[in-house]
>>> print(open('run.cif').read())   # mmCIF, C-alpha atoms
data_structure
loop_
_atom_site.group_PDB
_atom_site.id
_atom_site.type_symbol
_atom_site.label_atom_id
_atom_site.label_comp_id
_atom_site.auth_asym_id
_atom_site.auth_seq_id
_atom_site.Cartn_x
_atom_site.Cartn_y
_atom_site.Cartn_z
ATOM 1 C CA MET A 5 0.000 0.000 0.000
ATOM 2 C CA ILE A 6 1.162 3.505 -0.793
ATOM 3 C CA ASN A 7 -0.180 6.920 0.099
ATOM 4 C CA SER A 8 -1.776 8.986 -2.657
ATOM 5 C CA GLN A 9 0.913 11.688 -2.323
ATOM 6 C CA ASP A 10 3.567 9.111 -3.289
ATOM 7 C CA ILE A 11 2.138 8.638 -6.799
ATOM 8 C CA LYS A 12 4.601 9.626 -9.536
ATOM 9 C CA ASN A 13 4.704 9.158 -13.323
ATOM 10 C CA GLY A 14 5.074 5.455 -14.059
ATOM 11 C CA THR A 15 3.610 4.280 -10.741
ATOM 12 C CA CYS A 16 1.311 1.286 -11.234
ATOM 13 C CA ILE A 17 -1.739 0.954 -8.965
ATOM 14 C CA ARG A 18 -4.702 -1.416 -8.731
ATOM 15 C CA LEU A 19 -8.004 0.455 -8.651
ATOM 16 C CA ASP A 20 -11.473 -1.145 -8.899
ATOM 17 C CA GLY A 21 -9.862 -4.451 -9.908
ATOM 18 C CA LYS A 22 -7.960 -2.940 -12.854
ATOM 19 C CA LEU A 23 -4.308 -1.957 -13.266
ATOM 20 C CA TYR A 24 -3.445 1.660 -14.062
ATOM 21 C CA PHE A 25 -0.203 3.504 -14.784
ATOM 22 C CA CYS A 26 0.059 7.124 -13.674
ATOM 23 C CA ILE A 27 0.873 9.296 -16.703
ATOM 24 C CA GLU A 28 0.365 12.684 -15.065
ATOM 25 C CA PHE A 29 0.002 13.958 -11.494
ATOM 26 C CA LEU A 30 -0.446 17.297 -9.763
ATOM 27 C CA HIS A 31 -0.614 18.334 -6.104
ATOM 28 C CA VAL A 32 -3.425 20.886 -5.715
ATOM 29 C CA LYS A 33 -3.761 23.114 -2.634
ATOM 30 C CA PRO A 34 -7.040 24.990 -2.908
ATOM 31 C CA GLY A 35 -7.573 28.221 -0.972
ATOM 32 C CA LYS A 36 -9.447 26.395 1.727
ATOM 33 C CA GLY A 37 -9.894 22.718 2.308
ATOM 34 C CA ASN A 38 -7.542 19.779 2.102
ATOM 35 C CA THR A 39 -4.775 19.232 -0.411
ATOM 36 C CA ILE A 40 -5.733 16.840 -3.184
ATOM 37 C CA MET A 41 -3.817 14.832 -5.746
ATOM 38 C CA ARG A 42 -5.126 15.175 -9.326
ATOM 39 C CA THR A 43 -3.978 12.310 -11.567
ATOM 40 C CA LYS A 44 -4.375 10.916 -15.060
ATOM 41 C CA LEU A 45 -4.288 7.131 -15.039
ATOM 42 C CA LYS A 46 -3.929 4.894 -18.103
ATOM 43 C CA ASP A 47 -5.644 1.500 -18.065
ATOM 44 C CA VAL A 48 -3.036 -1.170 -18.812
ATOM 45 C CA VAL A 49 -5.445 -3.428 -20.734
ATOM 46 C CA SER A 50 -7.636 -1.041 -22.740
ATOM 47 C CA GLY A 51 -5.331 1.991 -22.915
ATOM 48 C CA ARG A 52 -8.123 4.348 -21.856
ATOM 49 C CA VAL A 53 -7.166 7.384 -19.780
ATOM 50 C CA LEU A 54 -9.015 8.118 -16.558
ATOM 51 C CA GLU A 55 -8.824 11.362 -14.563
ATOM 52 C CA ARG A 56 -9.051 10.741 -10.836
ATOM 53 C CA ARG A 57 -8.669 12.828 -7.661
ATOM 54 C CA PHE A 58 -7.361 11.452 -4.394
ATOM 55 C CA ASN A 59 -7.251 13.037 -0.952
ATOM 56 C CA ILE A 60 -3.773 13.311 0.542
ATOM 57 C CA GLY A 61 -3.145 10.356 2.837
ATOM 58 C CA GLU A 62 -5.547 8.050 0.994
ATOM 59 C CA LYS A 63 -4.201 4.484 0.820
ATOM 60 C CA LEU A 64 -3.834 2.878 -2.615
ATOM 61 C CA GLU A 65 -2.778 -0.624 -3.643
ATOM 62 C CA ASP A 66 0.461 -0.404 -5.597
ATOM 63 C CA VAL A 67 1.600 -3.062 -8.040
ATOM 64 C CA ARG A 68 5.278 -3.892 -8.426
ATOM 65 C CA VAL A 69 6.129 -4.129 -12.099
ATOM 66 C CA GLU A 70 9.280 -5.387 -13.764
ATOM 67 C CA ARG A 71 10.651 -4.168 -17.083
ATOM 68 C CA ARG A 72 12.874 -6.609 -18.944
ATOM 69 C CA PRO A 73 14.354 -6.627 -22.446
ATOM 70 C CA TYR A 74 13.072 -9.382 -24.729
ATOM 71 C CA GLN A 75 14.107 -10.081 -28.319
ATOM 72 C CA TYR A 76 11.391 -10.714 -30.912
ATOM 73 C CA SER A 77 11.768 -14.092 -32.652
ATOM 74 C CA TYR A 78 8.692 -14.845 -34.780
ATOM 75 C CA ASN A 79 4.901 -14.913 -34.758
ATOM 76 C CA GLU A 80 2.203 -17.498 -35.365
ATOM 77 C CA GLY A 81 -0.970 -15.558 -36.182
ATOM 78 C CA ASP A 82 -1.688 -13.288 -33.205
ATOM 79 C CA GLN A 83 0.843 -15.067 -30.956
ATOM 80 C CA TYR A 84 4.254 -13.350 -30.871
ATOM 81 C CA HIS A 85 7.289 -15.215 -29.519
ATOM 82 C CA PHE A 86 9.942 -13.335 -27.543
ATOM 83 C CA LEU A 87 13.234 -14.515 -26.060
ATOM 84 C CA ASN A 88 14.389 -13.355 -22.622
ATOM 85 C CA GLN A 89 17.834 -11.762 -22.999
ATOM 86 C CA GLU A 90 19.101 -13.128 -19.655
ATOM 87 C CA THR A 91 17.535 -16.575 -19.178
ATOM 88 C CA TRP A 92 16.888 -17.477 -22.858
ATOM 89 C CA GLU A 93 13.340 -18.601 -22.042
ATOM 90 C CA ASP A 94 10.662 -18.183 -24.713
ATOM 91 C CA ILE A 95 7.437 -16.314 -23.877
ATOM 92 C CA ILE A 96 4.335 -15.762 -25.988
ATOM 93 C CA ILE A 97 2.573 -12.377 -26.034
ATOM 94 C CA ASN A 98 -0.747 -11.649 -27.738
ATOM 95 C CA LYS A 99 -0.789 -9.038 -30.502
ATOM 96 C CA GLU A 100 -3.140 -6.719 -28.547
ATOM 97 C CA LEU A 101 -0.578 -6.327 -25.740
ATOM 98 C CA ILE A 102 2.217 -5.035 -28.016
ATOM 99 C CA THR A 103 2.308 -1.295 -28.678
ATOM 100 C CA GLY A 104 3.457 -0.443 -32.200
ATOM 101 C CA VAL A 105 3.218 -4.061 -33.370
ATOM 102 C CA ASP A 106 3.038 -2.949 -37.044
ATOM 103 C CA PHE A 107 6.676 -1.813 -36.850
ATOM 104 C CA LEU A 108 8.048 -4.916 -35.119
ATOM 105 C CA LYS A 109 10.770 -6.685 -37.096
ATOM 106 C CA GLU A 110 12.692 -9.868 -36.387
ATOM 107 C CA GLY A 111 15.547 -9.503 -33.895
ATOM 108 C CA MET A 112 14.226 -6.233 -32.430
ATOM 109 C CA VAL A 113 14.581 -5.818 -28.646
ATOM 110 C CA VAL A 114 11.419 -4.659 -26.881
ATOM 111 C CA GLU A 115 10.692 -3.853 -23.248
ATOM 112 C CA VAL A 116 8.207 -6.255 -21.656
ATOM 113 C CA VAL A 117 6.392 -4.998 -18.552
ATOM 114 C CA SER A 118 5.045 -7.684 -16.227
ATOM 115 C CA ASP A 119 3.352 -7.851 -12.836
ATOM 116 C CA ALA A 120 6.092 -9.017 -10.453
ATOM 117 C CA SER A 121 3.757 -10.824 -8.059
ATOM 118 C CA THR A 122 1.840 -12.920 -10.636
ATOM 119 C CA GLU A 123 4.419 -12.947 -13.474
ATOM 120 C CA THR A 124 1.705 -12.013 -15.988
ATOM 121 C CA VAL A 125 2.685 -9.856 -18.949
ATOM 122 C CA LEU A 126 0.941 -6.483 -18.887
ATOM 123 C CA PHE A 127 2.246 -5.117 -22.211
ATOM 124 C CA ALA A 128 5.295 -4.891 -24.472
ATOM 125 C CA GLU A 129 6.712 -1.603 -25.783
ATOM 126 C CA LEU A 130 8.804 -1.051 -28.876
ATOM 127 C CA PRO A 131 11.494 1.617 -28.795
ATOM 128 C CA ILE A 132 9.957 4.998 -29.671
ATOM 129 C CA LYS A 133 12.244 5.502 -32.688
ATOM 130 C CA VAL A 134 12.453 2.537 -35.078
ATOM 131 C CA GLN A 135 14.650 2.392 -38.198
ATOM 132 C CA LEU A 136 12.925 0.710 -41.145
ATOM 133 C CA ALA A 137 13.786 0.306 -44.820
ATOM 134 C CA VAL A 138 11.302 1.573 -47.410
ATOM 135 C CA THR A 139 10.356 -1.346 -49.676
ATOM 136 C CA TYR A 140 8.026 0.555 -51.994
ATOM 137 C CA THR A 141 6.949 4.131 -52.634
ATOM 138 C CA GLU A 142 5.910 6.117 -55.684
ATOM 139 C CA PRO A 143 8.757 8.184 -57.187
ATOM 140 C CA GLY A 144 8.745 11.819 -56.094
ATOM 141 C CA LEU A 145 9.067 14.811 -58.375
ATOM 142 C CA LYS A 146 12.492 16.433 -58.379
ATOM 143 C CA GLY A 147 12.529 19.810 -56.627
ATOM 144 C CA ASP A 148 9.032 19.410 -55.167
ATOM 145 C CA THR A 149 10.018 20.039 -51.546
ATOM 146 C CA ALA A 150 8.525 23.504 -51.015
ATOM 147 C CA THR A 151 5.342 22.072 -49.529
ATOM 148 C CA ASN A 152 5.085 19.508 -46.789
ATOM 149 C CA THR A 153 3.095 17.125 -48.961
ATOM 150 C CA THR A 154 3.377 13.440 -48.099
ATOM 151 C CA LYS A 155 2.928 10.160 -49.949
ATOM 152 C CA PRO A 156 2.374 6.584 -48.723
ATOM 153 C CA ALA A 157 5.388 4.309 -48.363
ATOM 154 C CA THR A 158 5.494 0.622 -47.459
ATOM 155 C CA VAL A 159 8.231 -0.333 -44.996
ATOM 156 C CA GLU A 160 9.935 -3.713 -44.483
ATOM 157 C CA THR A 161 7.387 -4.839 -41.859
ATOM 158 C CA GLY A 162 4.505 -4.317 -44.311
ATOM 159 C CA ALA A 163 3.122 -1.223 -42.575
ATOM 160 C CA THR A 164 2.292 1.944 -44.516
ATOM 161 C CA VAL A 165 3.796 5.262 -43.406
ATOM 162 C CA ARG A 166 3.208 8.777 -44.769
ATOM 163 C CA VAL A 167 6.606 10.186 -45.890
ATOM 164 C CA PRO A 168 7.787 13.364 -47.635
ATOM 165 C CA LEU A 169 8.008 13.354 -51.447
ATOM 166 C CA PHE A 170 11.824 13.106 -51.546
ATOM 167 C CA ILE A 171 11.925 9.631 -49.904
ATOM 168 C CA GLU A 172 12.739 6.862 -52.414
ATOM 169 C CA THR A 173 12.469 3.064 -52.384
ATOM 170 C CA GLY A 174 15.466 1.461 -50.637
ATOM 171 C CA GLU A 175 16.131 4.321 -48.208
ATOM 172 C CA THR A 176 16.042 3.837 -44.441
ATOM 173 C CA ILE A 177 13.758 6.067 -42.391
ATOM 174 C CA VAL A 178 13.067 6.590 -38.687
ATOM 175 C CA VAL A 179 9.437 6.028 -37.640
ATOM 176 C CA ASP A 180 7.699 6.860 -34.346
ATOM 177 C CA SER A 181 6.362 3.455 -33.207
ATOM 178 C CA ARG A 182 3.608 5.017 -31.066
ATOM 179 C CA ASP A 183 1.666 6.629 -33.913
ATOM 180 C CA GLY A 184 3.448 5.535 -37.103
ATOM 181 C CA SER A 185 4.607 8.994 -38.097
ATOM 182 C CA TYR A 186 7.735 9.739 -40.134
ATOM 183 C CA ILE A 187 10.543 11.379 -38.113
ATOM 184 C CA GLU A 188 13.601 11.567 -40.378
ATOM 185 C CA ARG A 189 15.680 9.912 -43.080
ATOM 186 C CA VAL A 190 18.758 7.942 -42.023
ATOM 187 C CA LYS A 191 21.859 9.190 -43.813
#
>>> encode(input="run.cif", output="structure tokens")
Amino acid sequence: MINSQDIKNGTCIRLDGKLYFCIEFLHVKPGKGNTIMRTKLKDVVSGRVLERRFNIGEKLEDVRVERRPYQYSYNEGDQYHFLNQETWEDIIINKELITGVDFLKEGMVVEVVSDASTETVLFAELPIKVQLAVTYTEPGLKGDTATNTTKPATVETGATVRVPLFIETGETIVVDSRDGSYIERVK
């Protein structure tokens, strides 16, 4: 159990039978009355964000989570196989629990977050910036870079990303794995 004033970004708590990560917190001292803790909590399973207020001193059930690096091996349908980097054990994670799964390529190291008490996998996160090769895109027009017009490009994982007109097939780009947006071209 932890006190509500001990909540920080990344703290995992159990509330109403569900697990939540704190993504934002603020101590609020109104003119009169007690100090409160205003938080934004993200549901681990559904990803929905909940705004919640707690009185200072309120007891909450904290959940100890572990973050470990796992290397992606292969998938069978919606079952993705990962290899623990330390013990070499193989675990299977469902597609819904992997953030940015469209940009996951073989051999990539992801961070798997699990509940330490029950050893159940909560979710797996790709690195925010992922380097991918462009396998197909329409040719761009030379000198047409004055506007920030984009075109679709297929990357090596099969996902489609909107890229600037100057990107060509065979180039390597950096993609934000959270929303699939183009960041930059790798030189």
>>> resolve_selection(input="run.cif", expression="the PyMOL selection byres ((chain A and resi 68-76) around 10)", output="PyMOL selection string")
chain A and resi 14-17+65-67+77-79+84-90+92-96+108-129
>>> resolve_selection(input="run.cif", expression="the PyMOL selection byres ((chain A and resi 134-139) around 12)", output="compact mmCIF listing (two decimals) with C-alpha atoms, keeping the file's coordinate frame")
# COMPACT_ATOMS: atom_id res chain seq x y z
CA GLY A 104 3.46 -0.44 -32.20
CA VAL A 105 3.22 -4.06 -33.37
CA ASP A 106 3.04 -2.95 -37.04
CA PHE A 107 6.68 -1.81 -36.85
CA LEU A 108 8.05 -4.92 -35.12
CA LYS A 109 10.77 -6.68 -37.10
CA GLU A 110 12.69 -9.87 -36.39
CA MET A 112 14.23 -6.23 -32.43
CA VAL A 113 14.58 -5.82 -28.65
CA VAL A 114 11.42 -4.66 -26.88
CA GLU A 129 6.71 -1.60 -25.78
CA LEU A 130 8.80 -1.05 -28.88
CA PRO A 131 11.49 1.62 -28.80
CA ILE A 132 9.96 5.00 -29.67
CA LYS A 133 12.24 5.50 -32.69
CA TYR A 140 8.03 0.56 -51.99
CA THR A 141 6.95 4.13 -52.63
CA GLU A 142 5.91 6.12 -55.68
CA PRO A 156 2.37 6.58 -48.72
CA ALA A 157 5.39 4.31 -48.36
CA THR A 158 5.49 0.62 -47.46
CA VAL A 159 8.23 -0.33 -45.00
CA GLU A 160 9.94 -3.71 -44.48
CA THR A 161 7.39 -4.84 -41.86
CA GLY A 162 4.50 -4.32 -44.31
CA ALA A 163 3.12 -1.22 -42.58
CA THR A 164 2.29 1.94 -44.52
CA VAL A 165 3.80 5.26 -43.41
CA ARG A 166 3.21 8.78 -44.77
CA VAL A 167 6.61 10.19 -45.89
CA ILE A 171 11.92 9.63 -49.90
CA GLU A 172 12.74 6.86 -52.41
CA THR A 173 12.47 3.06 -52.38
CA GLY A 174 15.47 1.46 -50.64
CA GLU A 175 16.13 4.32 -48.21
CA THR A 176 16.04 3.84 -44.44
CA ILE A 177 13.76 6.07 -42.39
CA VAL A 178 13.07 6.59 -38.69
CA VAL A 179 9.44 6.03 -37.64
CA ASP A 180 7.70 6.86 -34.35
CA SER A 181 6.36 3.46 -33.21
CA ARG A 182 3.61 5.02 -31.07
CA ASP A 183 1.67 6.63 -33.91
CA GLY A 184 3.45 5.54 -37.10
CA SER A 185 4.61 8.99 -38.10
CA TYR A 186 7.74 9.74 -40.13
CA ILE A 187 10.54 11.38 -38.11
CA GLU A 188 13.60 11.57 -40.38
CA ARG A 189 15.68 9.91 -43.08
CA VAL A 190 18.76 7.94 -42.02
CA LYS A 191 21.86 9.19 -43.81
>>> atom_distance(input="run.cif", atom1="atom CA of Lys33 of chain A", atom2="atom CA of Lys63 of chain A")
19.0 Å
>>> resolve_selection(input="run.cif", expression="the PyMOL selection byres ((chain A and resi 39-56) around 8)", output="list in words")
Ser8, Gln9, Lys22, Leu23, Tyr24, Phe25, Cys26, Ile27, Glu28, Phe29, Leu30, His31, Val32, Lys33, Pro34, Gly37, Asn38, Arg57, Phe58, Asn59, Ile60, Leu101, Leu126 and Phe127 of chain A
>>> atom_distance(input="run.cif", atom1="atom CA of Lys36 of chain A", atom2="atom CA of Ile11 of chain A")
22.9 Å
>>> axis_aligned_box(input="run.cif", around="segment 68-87 of chain A", padding_each_side="4 Å", output="lines of an AutoDock Vina configuration file")
center_x = 6.3
center_y = -10.7
center_z = -22.3
size_x = 24.0
size_y = 21.6
size_z = 35.8
>>> atom_distance(input="run.cif", atom1="atom CA of Lys99 of chain A", atom2="atom CA of Pro168 of chain A")
29.5 Å
>>> closest_residue(input="run.cif", among="A:Phe170, A:Gly35, A:Ile97, A:Leu64", to="Asn7 of chain A", atoms="all atoms listed in the file")
A:Leu64
>>> decode(input="run.cif", residues="segment 32-76 of chain A", atoms="C-alpha atoms", output="compact mmCIF listing (two decimals), in the first residue's frame")
# COMPACT_ATOMS: atom_id res chain seq x y z
CA VAL A 32 -3.43 20.89 -5.72
CA LYS A 33 -3.76 23.11 -2.63
CA PRO A 34 -7.04 24.99 -2.91
CA GLY A 35 -7.57 28.22 -0.97
CA LYS A 36 -9.45 26.39 1.73
CA GLY A 37 -9.89 22.72 2.31
CA ASN A 38 -7.54 19.78 2.10
CA THR A 39 -4.78 19.23 -0.41
CA ILE A 40 -5.73 16.84 -3.18
CA MET A 41 -3.82 14.83 -5.75
CA ARG A 42 -5.13 15.18 -9.33
CA THR A 43 -3.98 12.31 -11.57
CA LYS A 44 -4.37 10.92 -15.06
CA LEU A 45 -4.29 7.13 -15.04
CA LYS A 46 -3.93 4.89 -18.10
CA ASP A 47 -5.64 1.50 -18.06
CA VAL A 48 -3.04 -1.17 -18.81
CA VAL A 49 -5.44 -3.43 -20.73
CA SER A 50 -7.64 -1.04 -22.74
CA GLY A 51 -5.33 1.99 -22.92
CA ARG A 52 -8.12 4.35 -21.86
CA VAL A 53 -7.17 7.38 -19.78
CA LEU A 54 -9.02 8.12 -16.56
CA GLU A 55 -8.82 11.36 -14.56
CA ARG A 56 -9.05 10.74 -10.84
CA ARG A 57 -8.67 12.83 -7.66
CA PHE A 58 -7.36 11.45 -4.39
CA ASN A 59 -7.25 13.04 -0.95
CA ILE A 60 -3.77 13.31 0.54
CA GLY A 61 -3.15 10.36 2.84
CA GLU A 62 -5.55 8.05 0.99
CA LYS A 63 -4.20 4.48 0.82
CA LEU A 64 -3.83 2.88 -2.61
CA GLU A 65 -2.78 -0.62 -3.64
CA ASP A 66 0.46 -0.40 -5.60
CA VAL A 67 1.60 -3.06 -8.04
CA ARG A 68 5.28 -3.89 -8.43
CA VAL A 69 6.13 -4.13 -12.10
CA GLU A 70 9.28 -5.39 -13.76
CA ARG A 71 10.65 -4.17 -17.08
CA ARG A 72 12.87 -6.61 -18.94
CA PRO A 73 14.35 -6.63 -22.45
CA TYR A 74 13.07 -9.38 -24.73
CA GLN A 75 14.11 -10.08 -28.32
CA TYR A 76 11.39 -10.71 -30.91
